[in-house]
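This is my_file18.txt. It holds compact mmCIF, C-alpha atoms.
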```txt
# COMPACT_ATOMS: atom_id res chain seq x y z
CA MET A 97 -64.49 196.83 -112.90
CA SER A 98 -63.38 200.42 -113.17
CA THR A 99 -60.21 200.80 -115.24
CA GLY A 100 -59.63 204.54 -115.18
CA SER A 101 -60.86 207.95 -114.15
CA SER A 102 -62.36 210.67 -116.29
CA ALA A 103 -60.94 213.32 -113.99
CA ALA A 104 -59.31 216.02 -116.13
CA SER A 105 -56.57 216.79 -113.65
CA TRP A 106 -55.15 215.58 -110.36
CA ALA A 107 -53.32 218.85 -109.75
CA PRO A 108 -54.06 220.77 -106.52
CA SER A 109 -57.17 222.93 -106.81
CA ASP A 110 -57.17 226.65 -106.02
CA ARG A 111 -58.67 226.00 -102.60
CA VAL A 112 -55.99 223.39 -101.86
CA LEU A 113 -53.32 225.94 -102.78
CA ASP A 114 -55.02 228.47 -100.51
CA TYR A 115 -55.25 225.92 -97.69
CA THR A 116 -51.60 224.87 -97.90
CA GLN A 117 -50.46 228.48 -97.99
CA ARG A 118 -52.46 229.23 -94.85
CA PHE A 119 -51.28 226.02 -93.19
CA GLY A 120 -47.65 226.92 -93.85
CA ALA A 121 -48.17 230.30 -92.20
CA PHE A 122 -49.97 228.58 -89.31
CA LEU A 123 -46.98 226.29 -88.73
CA SER A 124 -44.71 229.33 -88.39
CA SER A 125 -46.97 231.56 -86.32
CA GLU A 126 -48.75 229.04 -84.07
CA ILE A 127 -47.05 225.64 -84.07
CA ASP A 128 -43.39 226.68 -83.85
CA PRO A 129 -43.93 228.57 -80.55
CA LEU A 130 -45.92 225.63 -79.12
CA GLU A 131 -43.12 223.23 -80.01
CA LYS A 132 -40.54 225.46 -78.35
CA GLU A 133 -42.64 225.56 -75.18
CA LEU A 134 -43.00 221.78 -75.25
CA ALA A 135 -39.26 221.28 -75.76
CA ALA A 136 -38.57 223.45 -72.70
CA ALA A 137 -40.93 221.32 -70.57
CA GLY A 138 -38.64 218.30 -70.80
CA VAL A 139 -41.41 215.72 -71.31
CA GLY A 140 -40.37 214.36 -74.68
CA THR A 141 -41.53 215.26 -78.15
CA PRO A 142 -44.86 214.85 -79.98
CA TRP A 143 -43.48 211.73 -81.68
CA ASN A 144 -41.49 210.40 -78.73
CA PRO A 145 -43.42 211.56 -75.65
CA ALA A 146 -42.66 210.77 -72.05
CA LEU A 147 -45.27 208.46 -70.53
CA ASP A 148 -47.02 208.83 -67.19
CA ASP A 149 -47.17 206.19 -64.47
CA ASP A 150 -50.01 204.40 -66.28
CA GLY A 151 -48.03 204.19 -69.53
CA ARG A 152 -50.09 206.92 -71.19
CA MET A 153 -48.90 209.96 -73.12
CA HIS A 154 -47.60 212.59 -70.71
CA PRO A 155 -50.41 215.08 -70.01
CA VAL A 156 -48.22 218.05 -71.01
CA VAL A 157 -47.60 216.51 -74.45
CA TRP A 158 -51.28 215.66 -74.78
CA GLU A 159 -52.30 219.22 -73.91
CA ALA A 160 -49.84 220.62 -76.45
CA ARG A 161 -51.49 218.47 -79.14
CA ARG A 162 -54.92 219.62 -77.97
CA GLU A 163 -53.87 223.27 -78.13
CA ALA A 164 -52.64 222.73 -81.69
CA GLN A 165 -56.05 221.30 -82.57
CA ARG A 166 -57.98 224.15 -80.98
CA ARG A 167 -55.84 226.75 -82.74
CA SER A 168 -56.19 224.92 -86.03
CA ALA A 169 -59.98 224.83 -85.70
CA LYS A 170 -60.03 228.54 -84.90
CA ALA A 171 -57.92 229.21 -88.01
CA GLY A 172 -60.31 227.17 -90.19
CA LEU A 173 -57.74 224.45 -90.93
CA TYR A 174 -58.92 221.50 -88.85
CA ASN A 175 -61.84 220.11 -90.89
CA PRO A 176 -61.27 220.36 -94.66
CA HIS A 177 -62.48 216.75 -95.01
CA VAL A 178 -65.89 217.35 -93.39
CA SER A 179 -68.91 218.00 -95.62
CA ALA A 180 -69.60 221.61 -96.51
CA ALA A 181 -73.21 221.09 -95.40
CA LEU A 182 -71.86 220.58 -91.86
CA ALA A 183 -69.61 223.66 -92.02
CA GLY A 184 -66.52 221.69 -93.04
CA GLY A 185 -64.31 222.32 -96.04
CA GLY A 186 -66.10 219.86 -98.29
CA PHE A 187 -62.84 218.84 -99.97
CA SER A 188 -62.81 215.88 -102.35
CA ARG A 189 -60.56 212.89 -101.76
CA VAL A 190 -58.11 214.11 -104.42
CA GLU A 191 -58.01 217.49 -102.70
CA MET A 192 -57.54 215.82 -99.32
CA GLN A 193 -54.61 213.78 -100.59
CA HIS A 194 -52.85 217.02 -101.56
CA VAL A 195 -53.71 218.56 -98.18
CA GLU A 196 -52.56 215.50 -96.22
CA GLU A 197 -49.35 215.28 -98.20
CA TYR A 198 -48.53 218.90 -97.41
CA VAL A 199 -49.36 218.56 -93.72
CA TYR A 200 -47.25 215.42 -93.23
CA ARG A 201 -44.35 216.68 -95.34
CA HIS A 202 -44.14 220.08 -93.68
CA GLY A 203 -45.42 219.06 -90.24
CA GLY A 204 -42.95 216.18 -90.07
CA LEU A 205 -43.42 214.49 -86.72
CA GLY A 206 -44.25 217.62 -84.77
CA LEU A 207 -47.43 219.20 -83.45
CA GLY A 208 -48.36 220.32 -86.95
CA ILE A 209 -49.79 216.94 -87.90
CA ALA A 210 -52.20 217.18 -84.95
CA ALA A 211 -53.62 220.32 -86.56
CA LEU A 212 -55.43 218.23 -89.18
CA ALA A 213 -58.25 216.19 -87.63
CA TRP A 214 -57.14 212.58 -87.39
CA THR A 215 -58.73 209.66 -85.56
CA GLU A 216 -59.72 211.85 -82.60
CA GLY A 217 -61.59 214.38 -84.73
CA ALA A 218 -64.73 214.49 -86.87
CA ASN A 219 -64.99 211.72 -89.47
CA PRO A 220 -67.30 210.42 -92.22
CA ALA A 221 -69.23 208.13 -89.85
CA ILE A 222 -70.11 210.72 -87.22
CA GLU A 223 -71.44 213.03 -89.93
CA HIS A 224 -74.55 210.79 -89.87
CA CYS A 225 -75.37 211.62 -86.25
CA SER A 226 -78.75 213.01 -85.20
CA ASP A 227 -79.45 216.73 -84.93
CA ALA A 228 -79.32 216.47 -81.13
CA ALA A 229 -75.95 214.71 -81.22
CA ARG A 230 -74.63 217.19 -83.75
CA GLY A 231 -74.80 220.03 -81.27
CA ARG A 232 -73.49 217.93 -78.40
CA TYR A 233 -70.67 216.05 -80.13
CA LEU A 234 -70.01 216.86 -83.81
CA GLU A 235 -69.76 220.63 -83.52
CA PRO A 236 -67.46 220.52 -80.44
CA LEU A 237 -65.31 217.95 -82.27
CA MET A 238 -64.98 220.27 -85.23
CA ALA A 239 -64.10 223.15 -82.90
CA GLY A 240 -61.33 221.08 -81.34
CA GLU A 241 -63.06 221.37 -77.96
CA ILE A 242 -63.39 217.59 -77.44
CA THR A 243 -61.85 214.44 -78.93
CA ALA A 244 -63.29 211.11 -80.05
CA ALA A 245 -62.29 207.45 -80.17
CA PHE A 246 -63.49 204.85 -82.67
CA CYS A 247 -64.36 201.69 -80.70
CA ASN A 248 -64.68 198.71 -83.00
CA THR A 249 -61.91 196.19 -82.25
CA GLU A 250 -62.13 193.74 -79.36
CA ALA A 251 -59.40 191.72 -77.66
CA SER A 252 -60.24 188.57 -79.61
CA VAL A 253 -61.97 190.16 -82.62
CA GLY A 254 -60.18 192.22 -85.24
CA THR A 255 -61.08 191.92 -88.91
CA ASP A 256 -64.06 189.62 -88.29
CA VAL A 257 -66.19 192.43 -86.87
CA LEU A 258 -69.42 190.40 -87.06
CA ALA A 259 -67.97 188.15 -84.34
CA MET A 260 -67.81 190.97 -81.78
CA SER A 261 -69.46 190.40 -78.40
CA THR A 262 -70.16 193.97 -77.28
CA HIS A 263 -73.93 194.32 -77.46
CA ALA A 264 -76.75 196.75 -76.81
CA ARG A 265 -80.38 196.04 -75.90
CA ARG A 266 -83.37 198.31 -75.87
CA ASP A 267 -84.74 199.66 -72.60
CA GLY A 268 -87.67 201.87 -73.43
CA SER A 269 -86.39 204.49 -75.85
CA ASP A 270 -82.82 204.07 -74.57
CA TRP A 271 -80.20 201.40 -75.13
CA ILE A 272 -78.15 199.50 -72.54
CA LEU A 273 -74.60 198.82 -73.67
CA ASP A 274 -72.35 196.04 -72.34
CA GLY A 275 -68.97 194.76 -73.48
CA ALA A 276 -65.35 195.72 -73.92
CA LYS A 277 -63.11 197.14 -76.64
CA ALA A 278 -59.35 196.88 -77.08
CA TRP A 279 -56.57 198.37 -79.21
CA ILE A 280 -58.45 201.67 -79.18
CA THR A 281 -56.54 204.82 -80.14
CA ASN A 282 -57.24 207.70 -77.73
CA ALA A 283 -58.99 205.38 -75.24
CA ALA A 284 -57.56 207.19 -72.21
CA PHE A 285 -58.38 210.72 -73.33
CA ALA A 286 -61.49 210.70 -75.55
CA ASP A 287 -64.60 212.65 -74.57
CA VAL A 288 -66.98 210.83 -76.91
CA LEU A 289 -66.77 207.19 -78.00
CA GLN A 290 -68.05 205.87 -81.34
CA VAL A 291 -68.98 202.37 -80.20
CA VAL A 292 -70.01 199.62 -82.60
CA ALA A 293 -72.15 196.93 -80.93
CA VAL A 294 -74.43 194.02 -81.77
CA THR A 295 -78.10 195.01 -81.69
CA GLU A 296 -79.63 192.15 -83.70
CA PRO A 297 -77.62 188.92 -83.44
CA GLY A 298 -77.60 186.79 -86.58
CA ALA A 299 -78.63 189.58 -88.95
CA GLY A 300 -75.34 189.60 -90.83
CA THR A 301 -74.11 193.07 -91.74
CA ARG A 302 -77.36 194.48 -90.30
CA SER A 303 -76.57 193.02 -86.88
CA LEU A 304 -74.47 196.01 -85.77
CA SER A 305 -75.27 199.58 -84.78
CA MET A 306 -73.08 202.56 -83.89
CA PHE A 307 -73.62 204.61 -80.73
CA LEU A 308 -72.13 207.85 -79.49
CA VAL A 309 -71.26 207.31 -75.84
CA ASP A 310 -70.19 209.97 -73.38
CA ALA A 311 -66.84 208.73 -72.09
CA ASN A 312 -67.74 209.91 -68.58
CA ALA A 313 -71.14 208.20 -68.50
CA PRO A 314 -71.87 205.82 -65.60
CA GLY A 315 -70.65 202.33 -66.46
CA VAL A 316 -67.83 203.43 -68.78
CA ARG A 317 -64.41 202.45 -67.53
CA ARG A 318 -61.07 203.24 -69.13
CA GLY A 319 -58.96 200.10 -68.95
CA ARG A 320 -55.24 199.56 -69.14
CA ASP A 321 -52.93 201.19 -71.60
CA ILE A 322 -51.66 198.78 -74.26
CA PRO A 323 -47.97 199.40 -74.94
CA THR A 324 -47.25 199.15 -78.68
CA MET A 325 -44.17 199.59 -80.84
CA LEU A 326 -45.26 203.21 -81.42
CA SER A 327 -44.67 203.90 -77.71
CA ASP A 328 -46.93 206.94 -77.79
CA GLY A 329 -49.21 206.00 -74.88
CA LEU A 330 -52.39 206.39 -76.93
CA THR A 331 -53.66 202.81 -77.25
CA GLY A 332 -55.86 201.23 -74.61
CA GLU A 333 -58.94 199.33 -73.53
CA LEU A 334 -62.49 200.41 -72.67
CA GLU A 335 -65.20 198.59 -70.72
CA PHE A 336 -68.96 199.15 -70.78
CA ASP A 337 -71.11 197.90 -67.90
CA ALA A 338 -74.82 198.60 -68.35
CA VAL A 339 -74.15 202.00 -69.95
CA ARG A 340 -77.38 203.81 -70.74
CA VAL A 341 -77.33 205.45 -74.17
CA PRO A 342 -80.20 207.71 -75.30
CA ALA A 343 -81.90 206.95 -78.61
CA GLU A 344 -80.64 210.18 -80.22
CA ASN A 345 -77.10 208.85 -79.82
CA VAL A 346 -77.68 206.10 -82.37
CA VAL A 347 -75.72 207.09 -85.48
CA ARG A 348 -77.86 207.04 -88.64
CA GLU A 349 -80.19 204.05 -88.13
CA VAL A 350 -80.19 200.88 -86.04
CA GLY A 351 -78.50 198.20 -88.16
CA ASP A 352 -76.19 200.62 -89.98
CA GLY A 353 -73.22 199.96 -87.70
CA PHE A 354 -71.27 197.80 -90.13
CA ALA A 355 -71.59 200.32 -92.96
CA LEU A 356 -70.67 203.19 -90.62
CA ALA A 357 -67.68 201.32 -89.24
CA MET A 358 -66.49 200.66 -92.77
CA SER A 359 -66.86 204.33 -93.70
CA TRP A 360 -64.56 205.23 -90.79
CA ILE A 361 -62.09 202.46 -91.65
CA ASN A 362 -62.12 203.34 -95.35
CA TRP A 363 -61.43 206.97 -94.48
CA ARG A 364 -58.30 205.92 -92.62
CA ARG A 365 -57.27 203.67 -95.53
CA LEU A 366 -57.62 206.49 -98.03
CA CYS A 367 -55.65 208.88 -95.83
CA ARG A 368 -52.64 206.62 -96.38
CA GLY A 369 -52.11 208.24 -99.80
CA GLY A 370 -51.31 211.72 -98.52
CA MET A 371 -49.74 210.58 -95.24
CA CYS A 372 -47.27 208.20 -96.88
CA ALA A 373 -46.42 210.61 -99.69
CA GLY A 374 -45.84 213.46 -97.24
CA TRP A 375 -43.75 211.47 -94.81
CA GLY A 376 -42.05 209.66 -97.69
CA TYR A 377 -40.87 212.88 -99.30
CA TRP A 378 -39.84 214.23 -95.89
CA LEU A 379 -37.67 211.17 -95.33
CA LEU A 380 -36.27 211.50 -98.85
CA ASP A 381 -35.41 215.16 -98.25
CA ARG A 382 -33.60 214.19 -95.05
CA ALA A 383 -31.83 211.29 -96.79
CA LEU A 384 -30.59 213.59 -99.57
CA GLU A 385 -29.25 216.04 -97.01
CA ARG A 386 -27.53 213.19 -95.16
CA ALA A 387 -26.03 211.76 -98.37
CA ARG A 388 -24.59 215.13 -99.32
CA SER A 389 -23.17 215.96 -95.90
CA ARG A 390 -21.91 212.59 -94.63
CA GLN A 391 -18.30 212.00 -95.66
CA THR A 392 -16.43 208.74 -96.19
CA GLY A 393 -12.91 208.64 -97.56
CA GLY A 394 -13.02 212.39 -98.00
CA ARG A 395 -16.07 212.29 -100.27
CA PRO A 396 -19.85 212.53 -99.61
CA ILE A 397 -21.62 209.19 -99.50
CA ALA A 398 -23.89 210.59 -102.24
CA ASP A 399 -21.03 209.71 -104.63
CA LEU A 400 -21.45 206.03 -103.81
CA GLN A 401 -23.59 204.12 -106.29
CA ALA A 402 -25.03 201.96 -103.51
CA VAL A 403 -26.38 205.08 -101.77
CA GLN A 404 -27.62 206.52 -105.06
CA HIS A 405 -29.63 203.35 -105.63
CA LEU A 406 -31.22 203.63 -102.18
CA LEU A 407 -32.22 207.22 -102.93
CA ALA A 408 -33.58 206.25 -106.34
CA ASP A 409 -35.63 203.43 -104.81
CA MET A 410 -37.08 205.82 -102.23
CA ASP A 411 -38.07 208.28 -104.95
CA ALA A 412 -39.58 205.53 -107.13
CA ASP A 413 -41.65 204.13 -104.25
CA VAL A 414 -43.04 207.49 -103.15
CA TYR A 415 -43.74 208.62 -106.71
CA ALA A 416 -45.48 205.40 -107.74
CA ALA A 417 -47.60 205.09 -104.59
CA ARG A 418 -48.57 208.77 -104.73
CA ALA A 419 -49.58 208.51 -108.39
CA ALA A 420 -51.60 205.34 -107.85
CA SER A 421 -53.38 206.95 -104.90
CA LEU A 422 -54.35 210.06 -106.84
CA VAL A 423 -55.77 207.98 -109.70
CA ALA A 424 -57.74 205.76 -107.32
CA GLN A 425 -59.03 208.69 -105.27
CA ALA A 426 -60.17 210.49 -108.42
CA GLU A 427 -62.19 207.41 -109.35
CA LEU A 428 -63.57 207.21 -105.82
CA ASP A 429 -64.64 210.85 -105.95
CA GLU A 430 -66.88 209.84 -108.85
CA LEU A 431 -68.21 206.70 -107.12
CA GLY A 432 -68.54 208.16 -103.62
CA PRO A 433 -65.83 207.03 -101.19
CA TYR A 434 -68.13 206.67 -98.16
CA GLY A 435 -71.52 205.91 -99.65
CA ILE A 436 -74.07 203.83 -97.75
CA PRO A 437 -74.42 201.48 -99.51
CA LEU A 438 -70.90 201.69 -100.89
CA HIS A 439 -70.49 201.40 -104.67
CA ARG A 440 -69.46 197.85 -105.64
CA ASP A 441 -66.23 199.06 -107.29
CA ALA A 442 -65.08 201.15 -104.31
CA PRO A 443 -63.68 198.44 -101.96
CA ARG A 444 -61.07 197.32 -104.50
CA LEU A 445 -59.86 200.89 -105.08
CA ILE A 446 -59.74 201.67 -101.35
CA SER A 447 -57.75 198.51 -100.66
CA LEU A 448 -55.35 199.31 -103.50
CA VAL A 449 -54.60 202.67 -101.90
CA LYS A 450 -53.87 201.08 -98.53
CA VAL A 451 -51.78 198.10 -99.58
CA ILE A 452 -49.70 200.02 -102.14
CA ASN A 453 -48.91 202.76 -99.65
CA ASP A 454 -48.35 200.49 -96.65
CA GLU A 455 -45.77 198.42 -98.48
CA ALA A 456 -44.09 201.26 -100.40
CA PHE A 457 -43.72 203.39 -97.28
CA PHE A 458 -42.20 200.50 -95.34
CA ARG A 459 -39.51 200.21 -98.02
CA VAL A 460 -38.97 203.97 -97.98
CA ALA A 461 -38.56 204.04 -94.20
CA ASP A 462 -36.22 201.05 -94.28
CA ASN A 463 -34.00 202.70 -96.89
CA ALA A 464 -34.03 205.96 -94.94
CA VAL A 465 -32.65 204.19 -91.88
CA GLN A 466 -30.00 202.52 -94.05
CA ILE A 467 -28.79 205.82 -95.52
CA HIS A 468 -28.51 207.39 -92.08
CA GLY A 469 -26.53 204.42 -90.80
CA GLY A 470 -25.92 204.36 -87.07
CA THR A 471 -27.79 207.61 -86.46
CA GLY A 472 -30.83 206.07 -88.14
CA LEU A 473 -30.89 203.46 -85.39
CA LEU A 474 -31.03 205.99 -82.56
CA LEU A 475 -34.18 205.58 -80.48
CA GLY A 476 -36.35 208.62 -80.99
CA SER A 477 -34.76 209.75 -84.24
CA PRO A 478 -37.25 210.59 -87.02
CA GLU A 479 -36.02 207.70 -89.16
CA GLU A 480 -36.27 205.18 -86.33
CA LYS A 481 -39.72 206.42 -85.33
CA LEU A 482 -41.10 206.37 -88.87
CA PHE A 483 -39.67 202.89 -89.43
CA ARG A 484 -41.82 201.74 -86.49
CA VAL A 485 -44.78 203.72 -87.82
CA ALA A 486 -44.34 202.10 -91.24
CA ARG A 487 -44.34 198.62 -89.74
CA ASN A 488 -47.40 199.48 -87.69
CA LEU A 489 -49.36 200.76 -90.71
CA LYS A 490 -49.51 197.29 -92.28
CA ILE A 491 -51.92 196.09 -89.56
CA PRO A 492 -54.49 198.75 -88.42
CA ALA A 493 -57.55 199.55 -90.58
CA GLY A 494 -57.27 196.08 -92.11
CA THR A 495 -54.05 194.14 -92.63
CA VAL A 496 -52.31 194.13 -96.00
CA GLU A 497 -53.49 190.53 -96.40
CA ILE A 498 -57.13 191.59 -95.96
CA GLN A 499 -56.61 194.31 -98.57
CA ARG A 500 -55.42 191.69 -101.04
CA ASN A 501 -58.57 189.65 -100.36
CA ALA A 502 -60.73 192.69 -101.15
CA ILE A 503 -58.77 193.43 -104.32
CA ALA A 504 -59.13 189.84 -105.51
CA ARG A 505 -62.88 189.85 -104.79
CA GLY A 506 -63.23 193.00 -106.87
CA LEU A 507 -61.34 191.41 -109.75
CA LEU A 508 -63.17 188.08 -109.63
CA ARG A 509 -66.69 189.42 -109.07
```

Translate the structure of the given file into structure tokens.
Amino acid sequence: MSTGSSAASWAPSDRVLDYTQRFGAFLSSEIDPLEKELAAAGVGTPWNPALDDDGRMHPVVWEARREAQRRSAKAGLYNPHVSAALAGGGFSRVEMQHVEEYVYRHGGLGLGIAALAWTEGANPAIEHCSDAARGRYLEPLMAGEITAAFCNTEASVGTDVLAMSTHARRDGSDWILDGAKAWITNAAFADVLQVVAVTEPGAGTRSLSMFLVDANAPGVRRGRDIPTMLSDGLTGELEFDAVRVPAENVVREVGDGFALAMSWINWRRLCRGGMCAGWGYWLLDRALERARSRQTGGRPIADLQAVQHLLADMDADVYAARAASLVAQAELDELGPYGIPLHRDAPRLISLVKVINDEAFFRVADNAVQIHGGTGLLLGSPEEKLFRVARNLKIPAGTVEIQRNAIARGLLR
């Protein structure tokens, strides 16, 4: 079991400092005008969008997010996490935590956070695509020209991915895909789908493969929107009826689907470190401002010990979770965070990052609402929205209970 990291420093590197400086300028020059245009359109905000008749994110809000992504890619800010060999930034996980923290702290809940590739952008799994798929899917993803969706979960299958029923069978050099996926982020809008399916039943972790599927291919149907507590109109279902997938759209090798799915999931788990630190400090900044400006009995509520304790707890939670994440990510940079096969010590560290941040950020968001009082309960306020986000985070990419199982396995092994 790994007990520490030999990393000399967890401070931001020179290229992180350069990135954050450029990102700050990008927010002012490119994102601020986009947000003003969106506000004038009267269709909600990036974090509280109006929904269309199908319950999906309003197309004007979606297009504003897409424009932010295209501009970010053009400015060289969209893909710092992608390998340098594929024309990405090649940033380490420690560097990415600093980047993500800056983006979420300074982007808040606006269009700025769309300017860093998230679930709809390039990711560690798709980096293993074939040369043919690279030109058709990966490069357009990195340019912000198209978006993706990761299609793993099914209506009755969540964590137990080996129980999925979506399957693919060979037909000459092609594959025929059948099945359905649910709880898929970006289901209604994605151009390319990263679909995990059974290709060899009974083969354990080798039973699954990952396919890149054109979302407009014959046999692909976008199902209903699934309304969630996030109320962003981005979660839905997908159906596959005899969808023909060419052999070059198999990611890596047949049988690598489980490992590829875990590399995507682990990426999202590790991104919790920067996301929760950034949003946590943003909420703390807002809470401090509120405590200083809100008066009771002729004095600011910041003078009340009860409020001071809430602020102190927020600071302690963000600081501790951020520090733990940086230590774990430094160790993972040495082990390889997305290796296939993954280093035996990595799952415990990845799960530590997720569970520590999920639970600390929930407490931070709860205390932020409390400090804001009645205004913190307003639907659509940043505190109310991030409280819902915080509750949501404890389930996707593996529940906090599953993370504890992985941690215990690492300790007992």

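With atom CA of A:Leu134 on one side and atom CA of A:Arg318 on the other, the separation reads 26.6 Å.
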
### Message
Please list as a PyMOL selection string every residue within 10 Å of A:Asp328, counting all atoms listed in the file and excluding residues in the same chain fewer than 4 positions away.
### Response
chain A and resi 141-147+151-154+323-324

### Task
Please write as a list of chain:residue names the list of polymer residues whose atoms come within 10 Å of (-41.6, 211.7, -83.6), counting only C-alpha atoms and keeping to the coordinates of the file.
A:Gly140, A:Thr141, A:Pro142, A:Trp143, A:Asn144, A:Pro145, A:Gly204, A:Leu205, A:Gly206, A:Leu207, A:Leu326, A:Asp328, A:Gly476, A:Ser477, A:Pro478, A:Glu479, A:Glu480, A:Lys481, A:Leu482, A:Val485

Residue selection dump (C-alpha atoms) as a PDB file, in the frame of the given file:
```
ATOM      1  CA  GLY A 140     -40.370 214.360 -74.680  1.00  0.00           C
ATOM      2  CA  THR A 141     -41.530 215.260 -78.150  1.00  0.00           C
ATOM      3  CA  PRO A 142     -44.860 214.850 -79.980  1.00  0.00           C
ATOM      4  CA  TRP A 143     -43.480 211.730 -81.680  1.00  0.00           C
ATOM      5  CA  ASN A 144     -41.490 210.400 -78.730  1.00  0.00           C
ATOM      6  CA  PRO A 145     -43.420 211.560 -75.650  1.00  0.00           C
ATOM      7  CA  GLY A 204     -42.950 216.180 -90.070  1.00  0.00           C
ATOM      8  CA  LEU A 205     -43.420 214.490 -86.720  1.00  0.00           C
ATOM      9  CA  GLY A 206     -44.250 217.620 -84.770  1.00  0.00           C
ATOM     10  CA  LEU A 207     -47.430 219.200 -83.450  1.00  0.00           C
ATOM     11  CA  LEU A 326     -45.260 203.210 -81.420  1.00  0.00           C
ATOM     12  CA  ASP A 328     -46.930 206.940 -77.790  1.00  0.00           C
ATOM     13  CA  GLY A 476     -36.350 208.620 -80.990  1.00  0.00           C
ATOM     14  CA  SER A 477     -34.760 209.750 -84.240  1.00  0.00           C
ATOM     15  CA  PRO A 478     -37.250 210.590 -87.020  1.00  0.00           C
ATOM     16  CA  GLU A 479     -36.020 207.700 -89.160  1.00  0.00           C
ATOM     17  CA  GLU A 480     -36.270 205.180 -86.330  1.00  0.00           C
ATOM     18  CA  LYS A 481     -39.720 206.420 -85.330  1.00  0.00           C
ATOM     19  CA  LEU A 482     -41.100 206.370 -88.870  1.00  0.00           C
ATOM     20  CA  VAL A 485     -44.780 203.720 -87.820  1.00  0.00           C
TER      21      VAL A 485
END
```

### Task
Can you work out which one of A:Lys170, A:Arg388, A:Arg320, A:His194 has the shortest atom-to-atom distance to A:Gly374, counting only C-alpha atoms?
A:His194

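Distances here use all atoms listed in the file; by that measure, the residue among A:Ala387, A:Val339, A:Ser447, A:Arg189 closest to A:Leu431 is A:Arg189.
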